Structure formats: structure tokens, C-alpha cells
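Novice: Let me begin by handing over the structure; questions about it come next.
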Amino acid sequence: MSDTDALHDRDVWAKWKSKEDNFAKYKPIRSTLIYGDPAQEKPTVSIAIPAYRKAGGLKGALDSALGQDYDLPYEIVVVDDSGFDQQIDDLMKEYCREYQNILYYRNDDNLGVYGNWNRLCELCRTDWYCMLHDDDRMRPDYLSTCVSTVSQLPATVGLMGIYIETFDAITNEVRNTLIDKLVGIFISMRSGKPIRMSIKDNAKYIFALACCMFISREKFIEIGGFNDEFYPSSDLVLTAKMNYYYDTVFLPVILSERGVGINNSLKQSLCDASVRAAYDLTMELTKELGKSPKKQKRKASFAAVIAEIAVRGYNNVDYSDVKSSLGMKNVYNKSFVVNFINLYSKFNWGLLLFRGGMKPGRSSP
């Protein structure tokens with residue numbers, strides 16, 4: 001659904017945990033294999049890259065995917081949702097000619113963000129896959145670390161998030177603020193022990209992010225994939241739904257980098273919709289947890305403010321009208337309350353690093 005103003009019907013959000021098949025709606029649109037040969041050596045794990053009109057970013061993502069220290073065969077599946085783009089076509093022709101583990105598909109028609117992410121899952125041929133965006137990059141030890149970690153976790157795990165650093169997509173420099181340095185210290189204390197996450201974390205607006213998620217293909221398909229009715233927060237809904245039916249874990253190891261700085265603004269309706277989605281999803285999660293109506297509203301309001309803080313990095317405008325439309329109290333427009341909730345969010349993320357590790361089990365990729 002592309003009309004962000006129509007996304008926040010509470011009846012729609014009430015079905016957040018539905019296992020509705022979100023792959024079926026895209027079946028009429030084919031993804032044509034343009035370059036690459038699937039008959040090559042059978043892969044053990046996949047890196048899935050959704051492409052859309054960013055040849056420069058795609059090149060960086062591909063280079064990082066090819067630079068893995070993983071010893072076993074793996075495939076790189078690129079699904080292009082931009083139609084014919086000469087720069088991308090030239091790039092993929094060159095890479096597929098040189099590297100036999102790359103497959104390049106082009107959608108016959110536009111599937112949209114989450115439709116394309118679902119198609120990636122369908123085209124991957126392995127039990128586990130990583131979704132790498134075309135403006136991000138993975139570190140050389142991503143695959144070896146993720147495969148090793150999930151092989152030691154219970155078979156109930158369906159998704160693993162990892163820690164992400166940010167880099168300036170213009171200067172190519174990794175961000176190194178005081179907060180980043182403190183996070184680095186905490187991560188070193190954690191020694192790479194995976195942390196089990198739950199809907200309780202999601203109700204505090206803590207999610208394993210879509211960037212470089214390591215996903216069980218079977219479980220992802222079983223719960224229906226991404227539902228674009230929840231755009232622009234379908235990835236958060238998917239994470240919560242995976243928590244509901246299976247388990248998700250967060251691996252506090254820096255394994256990927258997210259590019260920022262090319263686009264310093266987003267469509268305002270998208271920013272507004274993100275704030276509303278945070279409120280509506282959290283309202284449903286707290287209902288599921290049996291919270292009182294008062295706590296439901298408070299936690300949903302906190303989530304909306306956390307989302308507001310995030311989107312201010314793109315469009316720093318007054319979001320009081322958006323919050324008012326959700327029925328939030330005026331106190332959530334006060335700067336000291338916003339600052340308090342910002343600290344509350346960072347504190348909750350910090351507490352994750354002190355949580356006990358998930359017990360070993362069997363979940364072989």
C-alpha cells in the first residue's frame with residue numbers, strides 16, 4: 001500500500017500477527033534472470049541484495065559481499081526493482097561475468113520495497129540468507145560469524161539481528177562519536193554472546209533491524225513474509241511476528257555498516273507515517289502482553305516519540321499535529337519529555353548488552 005495516509009486503520013494493525021501469504025499477491029509479476037548461472041556449485045548460504053537505482057551503492061554492497069572470509073560456497077542474489085537501468089545493467093554484466101556465484105534478476109514490473117524483499121527470499125536457494133541493502137556493506141567476517149552463531153542456537157530461532165555502524169556515504173568515513181565509542185566498549189564486554197529478544201523488547205521499540213538481518217528462509221515463508229499494508233514499518237512488524245511464533249536474537253557484534261548522508265530528507269508523509277506506525281504497532285503489542293489501557297497508551301506514546309526522534313534526522317519539523325492526531329497528550333511535545341524518552345530508549349538498548357546469553361541448541365544453516 002503506497003498511500004501512507006491510509007495506513008493507520010486500527011483494524012489493519014490488529015492483524016499484525018496474521019500468517020497471511022504475502023508472496024501470493026506478487027506472483028503475476030515475474031523476476032527474469034538476466035545474468036548468472038544457477039547451475040553452479042550448490043551454495044550453503046545466501047546474501048540477498050534488493051537493488052533500486054543506486055549503482056554506486058550496489059557496487060559497494062557487492063564488493064563487501066564478495067569479500068567474505070567464509071570458506072564454503074555461497075551465492076549472492078541481486079533482485080532489481082528499478083526496471084532497466086543502464087548503469088546497473090553494465091555493473092551486473094561485469095560482475096556476473098567475473099564471479100560465478102552471483103545471480104542478477106530484474107523484475108518485469110515494480111514490486112515495491114517489501115514485495116521485492118519477499119521476492120529475494122523466494123529466489124534464494126539456501127536455508128538461511130542475509131538481506132544486504134544496496135547502500136550498506138558487510139564486514140568480511142559477517143557470514144562466518146552468523147553461520148557459526150546460528151548453528152549453536154535452538155532450532156526455534158528464525159531471525160538474528162547484528163550491530164550496525166554507520167558511515168558517511170559521501171566521505172566514506174565510519175562515524176566515531178562518543179556514543180559509538182561507548183557502544184564499542186560495551187560490545188567488547190559482551191564477547192559476542194547472542195541475546196534473546198521478545199515482544200516485550202518490541203513494545204519498548206527495540207527491534208532487530210532489517211539491515212543485514214540473518215533470516216531462516218523456511219520460517220520467514222511460514223509466517224507470511226513482509227506485509228506491505230504496514231509500510232513503512234513492515235520490517236518491524238515482521239520482527240515482532242517472528243518473536244510471536246519463533247525466536248529472534250540480537251548478536252552484539254559489529255558486522256555491517258549502513259550508508260547515510262546521500263539523502264538528507266524523506267517525503268514528509270513517510271516520516272509522519274513512521275511516527276503513526278510506531279504508535280499503532282506498540283498499541284497492539286502491549287494489548288498482546290495484557291497491559292492496561294493506560295499503559296498501552298503510555299508505551300505507544302513513548303514509541304511514537306522515539307520514532308519522531310529518528311525521523312527528525314531526515315525532516316526536522318514539528319510533529320505535534322501528528323501526535324495530536326493519535327490522541328497523545330500535549331506533554332509529549334515538551335522538549336524535556338522528548339529528551340527524557342530519548343535517554344530512556346538508549347538506556348533500554350544498553351540494558352540488552354547485560355542480558356544473559358541464549359542457551360546453545362541446534363539450528364544448522
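Please note that chains go A, B, ... in the order of the C-alpha cells, that every chain numbers its residues from 1, and that ligands are numbered from 1 in the order shown.
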Neighbouring residues of Gln87 (chain A) were defined as those with any atom within 12 Å, considering only C-alpha atoms; residues of the same chain fewer than 6 positions away were excluded. Please report them as a ChimeraX atom specification.
Specialist: /A:51-59,93-94
Novice: Would you list, as an MDAnalysis selection string, the residues of region 130-335 of chain A that end up in alpha helix (DSSP H) under DSSP run on this structure's backbone?
Specialist: chainID A and resid 142:150 178:190 199:203 217:222 234:245 268:288 293:311 320:325 335
Novice: So which residues touch Gln268 (chain A) within 8 Å, counting only C-alpha atoms, skipping near sequence neighbours fewer than 3 positions away, as a list in words?
Specialist: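 Listed by chain and then number, they are Cys271, Asp272 and Asn315 of chain A.
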Novice: If you run DSSP on this backbone, which residues of region 3-170 of chain A come out as strand (DSSP E or B), and could you give them as a CSV table (one decimal) with C-alpha atoms, in the first residue's frame?
Specialist:
```csv
chain,number,residue,atom,x,y,z
A,31,SER,CA,11.6,-11.8,-11.9
A,32,THR,CA,13.7,-12.6,-15.0
A,33,LEU,CA,17.2,-14.0,-14.6
A,34,ILE,CA,19.4,-11.6,-16.7
A,35,TYR,CA,22.9,-12.6,-15.8
A,45,VAL,CA,24.1,-19.7,2.5
A,46,SER,CA,22.9,-16.7,0.5
A,47,ILE,CA,23.4,-12.9,0.5
A,48,ALA,CA,20.3,-11.2,-0.9
A,49,ILE,CA,20.6,-7.7,-2.3
A,50,PRO,CA,17.5,-5.6,-3.2
A,51,ALA,CA,18.5,-3.1,-5.9
A,74,TYR,CA,27.7,-19.1,-1.0
A,75,GLU,CA,25.5,-17.2,-3.5
A,76,ILE,CA,24.8,-13.5,-4.0
A,77,VAL,CA,21.3,-12.9,-5.3
A,78,VAL,CA,20.5,-9.4,-6.6
A,79,VAL,CA,16.9,-8.6,-7.5
A,80,ASP,CA,16.5,-5.3,-9.3
A,102,ILE,CA,26.2,-14.0,-8.5
A,103,LEU,CA,22.7,-14.2,-9.9
A,104,TYR,CA,21.1,-11.0,-11.2
A,105,TYR,CA,17.3,-10.8,-11.6
A,106,ARG,CA,15.2,-7.9,-12.9
A,107,ASN,CA,11.5,-7.6,-12.0
A,128,TRP,CA,19.5,-19.1,5.7
A,129,TYR,CA,20.1,-15.8,4.0
A,130,CYS,CA,21.3,-12.3,4.8
A,131,MET,CA,19.5,-9.3,3.4
A,136,ASP,CA,25.1,-0.8,3.0
A,137,ARG,CA,28.1,-3.1,3.3
A,138,MET,CA,29.0,-6.2,5.3
A,157,VAL,CA,15.4,-19.1,16.1
A,158,GLY,CA,14.1,-17.6,12.9
A,159,LEU,CA,15.9,-14.3,12.7
A,160,MET,CA,19.1,-12.8,14.0
A,161,GLY,CA,20.0,-9.1,14.0
A,162,ILE,CA,23.5,-7.7,14.3
A,163,TYR,CA,25.1,-4.4,15.4
A,164,ILE,CA,25.4,-1.9,12.6
A,165,GLU,CA,27.9,1.0,12.4
A,166,THR,CA,27.1,4.0,10.2
A,167,PHE,CA,29.4,5.5,7.6
A,168,ASP,CA,29.1,8.7,5.6
```
Novice: With a distance cut-off of 7 Å and only C-alpha atoms, select the neighbouring residues of region 304-310 of chain A, excluding the residue or stretch itself and same-chain residues fewer than 5 positions from it, and output the selection as a compact mmCIF listing (two decimals) with N, CA and C atoms, in the first residue's frame.
Specialist:
```txt
# COMPACT_ATOMS: atom_id res chain seq x y z
N SER A 274 5.73 6.97 9.73
CA SER A 274 6.61 6.22 10.62
C SER A 274 6.26 6.47 12.08
N VAL A 275 5.93 7.72 12.40
CA VAL A 275 5.54 8.05 13.78
C VAL A 275 4.21 7.37 14.13
N ARG A 276 3.26 7.43 13.20
CA ARG A 276 1.96 6.79 13.45
C ARG A 276 2.11 5.27 13.58
N ALA A 278 4.69 3.58 14.61
CA ALA A 278 5.30 3.24 15.91
C ALA A 278 4.23 3.19 16.99
N TYR A 279 3.33 4.16 16.97
CA TYR A 279 2.25 4.21 17.96
C TYR A 279 1.31 3.02 17.80
N VAL A 338 10.66 14.84 25.52
CA VAL A 338 11.27 14.20 24.35
C VAL A 338 12.70 13.77 24.67
N ILE A 341 12.67 10.70 26.96
CA ILE A 341 12.33 9.47 26.24
C ILE A 341 13.49 9.02 25.37
N ASN A 342 14.24 9.97 24.84
CA ASN A 342 15.44 9.64 24.06
C ASN A 342 16.45 8.89 24.94
```
Novice: Smallest atom-to-atom distance to Val237 (chain A): which of A:Ser335, A:Thr149, A:Thr282, A:Ser216, using only C-alpha atoms?
Specialist: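 Among A:Ser335, A:Thr149, A:Thr282, A:Ser216, it is A:Thr282 that comes nearest to Val237 (chain A).
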Novice: State, in Å with one decimal place, the distance from CA of Lys329 (chain A) to CA of Lys267 (chain A).
Specialist: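 Between CA of Lys329 (chain A) and CA of Lys267 (chain A) the gap works out to 25.7 Å.
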Novice: For Ile254 (chain A), which residue among A:Ile223, A:Cys146, A:Ala303, A:Leu270 is the nearest when counting only C-alpha atoms?
Specialist: A:Cys146
Novice: One decimal, in Å: what's the spacing between CA of Tyr244 (chain A) and CA of Ala277 (chain A)?
Specialist: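 Separation between CA of Tyr244 (chain A) and CA of Ala277 (chain A): 18.5 Å.
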Novice: Between CA of Arg139 (chain A) and CA of Lys193 (chain A), what is the distance, to one decimal in Å?
Specialist: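 Between these atoms lies a distance of 18.3 Å.
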Novice: Which residue out of A:Leu281, A:Leu351, A:Ala203, A:Met328 has the minimum interatomic distance to Trp13 (chain A) when only C-alpha atoms are used?
Specialist: A:Leu281
Novice: Using only C-alpha atoms, pick whichever of A:Leu236, A:Val311, A:Cys212, A:Cys124 has the shortest atom-to-atom distance to Lys17 (chain A).
Specialist: A:Leu236
Novice: List the spatial neighbours of Ala240 (chain A) as a PyMOL selection string - criterion: any atom at most 10 Å away, only C-alpha atoms, same-chain residues fewer than 2 positions off excluded.
Specialist: chain A and resi 16-17+197-203+206-208+234-238+242-248+281+285
Novice: Keeping N, CA and C atoms for every residue in the selection just given, could you write it to a file as a PDB file, in the first residue's frame?
Specialist:
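Listing of again-v5.pdb after writing:
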```pdb
ATOM      1  N   TRP A  16      -1.589  -7.784  12.957  1.00  0.00           N
ATOM      2  CA  TRP A  16      -0.133  -7.772  12.793  1.00  0.00           C
ATOM      3  C   TRP A  16       0.481  -9.170  12.850  1.00  0.00           C
ATOM      4  N   LYS A  17      -0.143 -10.090  13.587  1.00  0.00           N
ATOM      5  CA  LYS A  17       0.442 -11.427  13.730  1.00  0.00           C
ATOM      6  C   LYS A  17      -0.180 -12.446  12.780  1.00  0.00           C
ATOM      7  N   MET A 197      15.649 -11.902  22.126  1.00  0.00           N
ATOM      8  CA  MET A 197      14.732 -10.778  22.159  1.00  0.00           C
ATOM      9  C   MET A 197      13.303 -11.292  22.213  1.00  0.00           C
ATOM     10  N   SER A 198      12.376 -10.407  22.554  1.00  0.00           N
ATOM     11  CA  SER A 198      10.980 -10.813  22.723  1.00  0.00           C
ATOM     12  C   SER A 198      10.059  -9.663  22.362  1.00  0.00           C
ATOM     13  N   ILE A 199       8.768  -9.947  22.399  1.00  0.00           N
ATOM     14  CA  ILE A 199       7.780  -8.901  22.146  1.00  0.00           C
ATOM     15  C   ILE A 199       7.878  -7.804  23.205  1.00  0.00           C
ATOM     16  N   LYS A 200       8.309  -8.157  24.411  1.00  0.00           N
ATOM     17  CA  LYS A 200       8.484  -7.131  25.444  1.00  0.00           C
ATOM     18  C   LYS A 200       9.493  -6.080  24.989  1.00  0.00           C
ATOM     19  N   ASP A 201      10.555  -6.524  24.322  1.00  0.00           N
ATOM     20  CA  ASP A 201      11.530  -5.574  23.785  1.00  0.00           C
ATOM     21  C   ASP A 201      10.894  -4.732  22.682  1.00  0.00           C
ATOM     22  N   ASN A 202      10.144  -5.388  21.810  1.00  0.00           N
ATOM     23  CA  ASN A 202       9.484  -4.664  20.717  1.00  0.00           C
ATOM     24  C   ASN A 202       8.517  -3.613  21.244  1.00  0.00           C
ATOM     25  N   ALA A 203       7.856  -3.909  22.381  1.00  0.00           N
ATOM     26  CA  ALA A 203       6.934  -2.950  22.990  1.00  0.00           C
ATOM     27  C   ALA A 203       7.667  -1.731  23.537  1.00  0.00           C
ATOM     28  N   ILE A 206      12.296  -1.638  20.539  1.00  0.00           N
ATOM     29  CA  ILE A 206      13.610  -2.211  20.297  1.00  0.00           C
ATOM     30  C   ILE A 206      13.424  -3.383  19.335  1.00  0.00           C
ATOM     31  N   PHE A 207      14.031  -3.302  18.178  1.00  0.00           N
ATOM     32  CA  PHE A 207      13.857  -4.313  17.143  1.00  0.00           C
ATOM     33  C   PHE A 207      15.203  -4.680  16.533  1.00  0.00           C
ATOM     34  N   ALA A 208      15.297  -5.916  16.062  1.00  0.00           N
ATOM     35  CA  ALA A 208      16.414  -6.302  15.205  1.00  0.00           C
ATOM     36  C   ALA A 208      16.156  -5.671  13.838  1.00  0.00           C
ATOM     37  N   SER A 234       6.868  -2.320   7.921  1.00  0.00           N
ATOM     38  CA  SER A 234       6.618  -3.745   7.739  1.00  0.00           C
ATOM     39  C   SER A 234       7.742  -4.607   8.279  1.00  0.00           C
ATOM     40  N   ASP A 235       8.970  -4.085   8.254  1.00  0.00           N
ATOM     41  CA  ASP A 235      10.095  -4.851   8.797  1.00  0.00           C
ATOM     42  C   ASP A 235       9.984  -5.002  10.311  1.00  0.00           C
ATOM     43  N   LEU A 236       9.494  -3.964  10.995  1.00  0.00           N
ATOM     44  CA  LEU A 236       9.313  -4.050  12.443  1.00  0.00           C
ATOM     45  C   LEU A 236       8.194  -5.027  12.787  1.00  0.00           C
ATOM     46  N   VAL A 237       7.126  -4.993  12.005  1.00  0.00           N
ATOM     47  CA  VAL A 237       6.023  -5.927  12.221  1.00  0.00           C
ATOM     48  C   VAL A 237       6.509  -7.358  12.020  1.00  0.00           C
ATOM     49  N   LEU A 238       7.314  -7.582  10.978  1.00  0.00           N
ATOM     50  CA  LEU A 238       7.839  -8.919  10.709  1.00  0.00           C
ATOM     51  C   LEU A 238       8.691  -9.411  11.875  1.00  0.00           C
ATOM     52  N   MET A 242       7.884 -12.636  14.128  1.00  0.00           N
ATOM     53  CA  MET A 242       8.831 -13.733  14.308  1.00  0.00           C
ATOM     54  C   MET A 242       9.008 -14.030  15.796  1.00  0.00           C
ATOM     55  N   ASN A 243       9.010 -12.981  16.616  1.00  0.00           N
ATOM     56  CA  ASN A 243       9.068 -13.177  18.069  1.00  0.00           C
ATOM     57  C   ASN A 243       7.837 -13.909  18.588  1.00  0.00           C
ATOM     58  N   TYR A 244       6.713 -13.649  17.986  1.00  0.00           N
ATOM     59  CA  TYR A 244       5.458 -14.247  18.445  1.00  0.00           C
ATOM     60  C   TYR A 244       5.433 -15.750  18.164  1.00  0.00           C
ATOM     61  N   TYR A 245       5.901 -16.146  16.972  1.00  0.00           N
ATOM     62  CA  TYR A 245       5.810 -17.552  16.579  1.00  0.00           C
ATOM     63  C   TYR A 245       7.105 -18.333  16.840  1.00  0.00           C
ATOM     64  N   TYR A 246       8.236 -17.657  16.776  1.00  0.00           N
ATOM     65  CA  TYR A 246       9.525 -18.324  16.948  1.00  0.00           C
ATOM     66  C   TYR A 246      10.382 -17.513  17.922  1.00  0.00           C
ATOM     67  N   ASP A 247      11.648 -17.356  17.611  1.00  0.00           N
ATOM     68  CA  ASP A 247      12.553 -16.551  18.436  1.00  0.00           C
ATOM     69  C   ASP A 247      13.395 -15.666  17.530  1.00  0.00           C
ATOM     70  N   THR A 248      13.761 -14.500  18.028  1.00  0.00           N
ATOM     71  CA  THR A 248      14.775 -13.688  17.380  1.00  0.00           C
ATOM     72  C   THR A 248      15.887 -13.435  18.375  1.00  0.00           C
ATOM     73  N   LEU A 281       1.599   0.073  16.157  1.00  0.00           N
ATOM     74  CA  LEU A 281       2.169  -1.249  16.389  1.00  0.00           C
ATOM     75  C   LEU A 281       2.381  -1.488  17.879  1.00  0.00           C
ATOM     76  N   LEU A 285       1.034  -4.472  20.371  1.00  0.00           N
ATOM     77  CA  LEU A 285       1.946  -5.333  21.119  1.00  0.00           C
ATOM     78  C   LEU A 285       1.634  -5.306  22.611  1.00  0.00           C
TER      79      LEU A 285
END
```
Novice: May I ask which of the residues A:Val150, A:Ala24, A:Leu132, A:Ala273 is the closest one to Gly225 (chain A), counting only C-alpha atoms?
Specialist: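 That would be A:Ala24, the residue with the smallest distance to Gly225 (chain A).
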Novice: Have a look at A:Ile221, A:Met213, A:Leu111, A:Leu353 and name the one nearest to Asn22 (chain A); count only C-alpha atoms.
Specialist: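 Nearest candidate to Asn22 (chain A) out of A:Ile221, A:Met213, A:Leu111, A:Leu353: A:Ile221.
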Novice: Might you pull out every residue within 10 Å of Asp108 (chain A), with only C-alpha atoms counted and same-chain residues fewer than 6 positions away left off, and present them as a short mmCIF file (atom, residue, chain, number, x, y, z; two decimals) with N, CA and C atoms, in the first residue's frame?
Specialist:
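selection16.cif, freshly written:
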```
data_model
loop_
_atom_site.label_atom_id
_atom_site.label_comp_id
_atom_site.auth_asym_id
_atom_site.auth_seq_id
_atom_site.Cartn_x
_atom_site.Cartn_y
_atom_site.Cartn_z
N PRO A 28 1.93 -12.74 -10.12
CA PRO A 28 1.79 -12.40 -11.55
C PRO A 28 3.00 -11.66 -12.13
N ILE A 29 3.81 -11.05 -11.26
CA ILE A 29 4.98 -10.29 -11.73
C ILE A 29 6.21 -11.20 -11.68
N ARG A 30 6.82 -11.42 -12.83
CA ARG A 30 7.98 -12.31 -12.91
C ARG A 30 9.26 -11.56 -12.57
N SER A 31 10.24 -12.31 -12.08
CA SER A 31 11.61 -11.82 -11.93
C SER A 31 12.46 -12.61 -12.91
N THR A 32 12.98 -11.94 -13.93
CA THR A 32 13.70 -12.60 -15.01
C THR A 32 15.19 -12.64 -14.70
N ASP A 80 16.57 -6.66 -8.91
CA ASP A 80 16.48 -5.25 -9.28
C ASP A 80 15.03 -4.87 -9.51
N ASP A 81 14.55 -3.87 -8.76
CA ASP A 81 13.16 -3.44 -8.86
C ASP A 81 13.03 -2.09 -9.57
N SER A 82 14.08 -1.66 -10.25
CA SER A 82 14.08 -0.33 -10.84
C SER A 82 13.76 -0.32 -12.32
N GLY A 83 13.43 -1.49 -12.91
CA GLY A 83 13.30 -1.55 -14.35
C GLY A 83 14.69 -1.52 -14.97
N PHE A 84 14.77 -1.27 -16.27
CA PHE A 84 16.09 -1.26 -16.90
C PHE A 84 16.83 0.02 -16.52
#
```
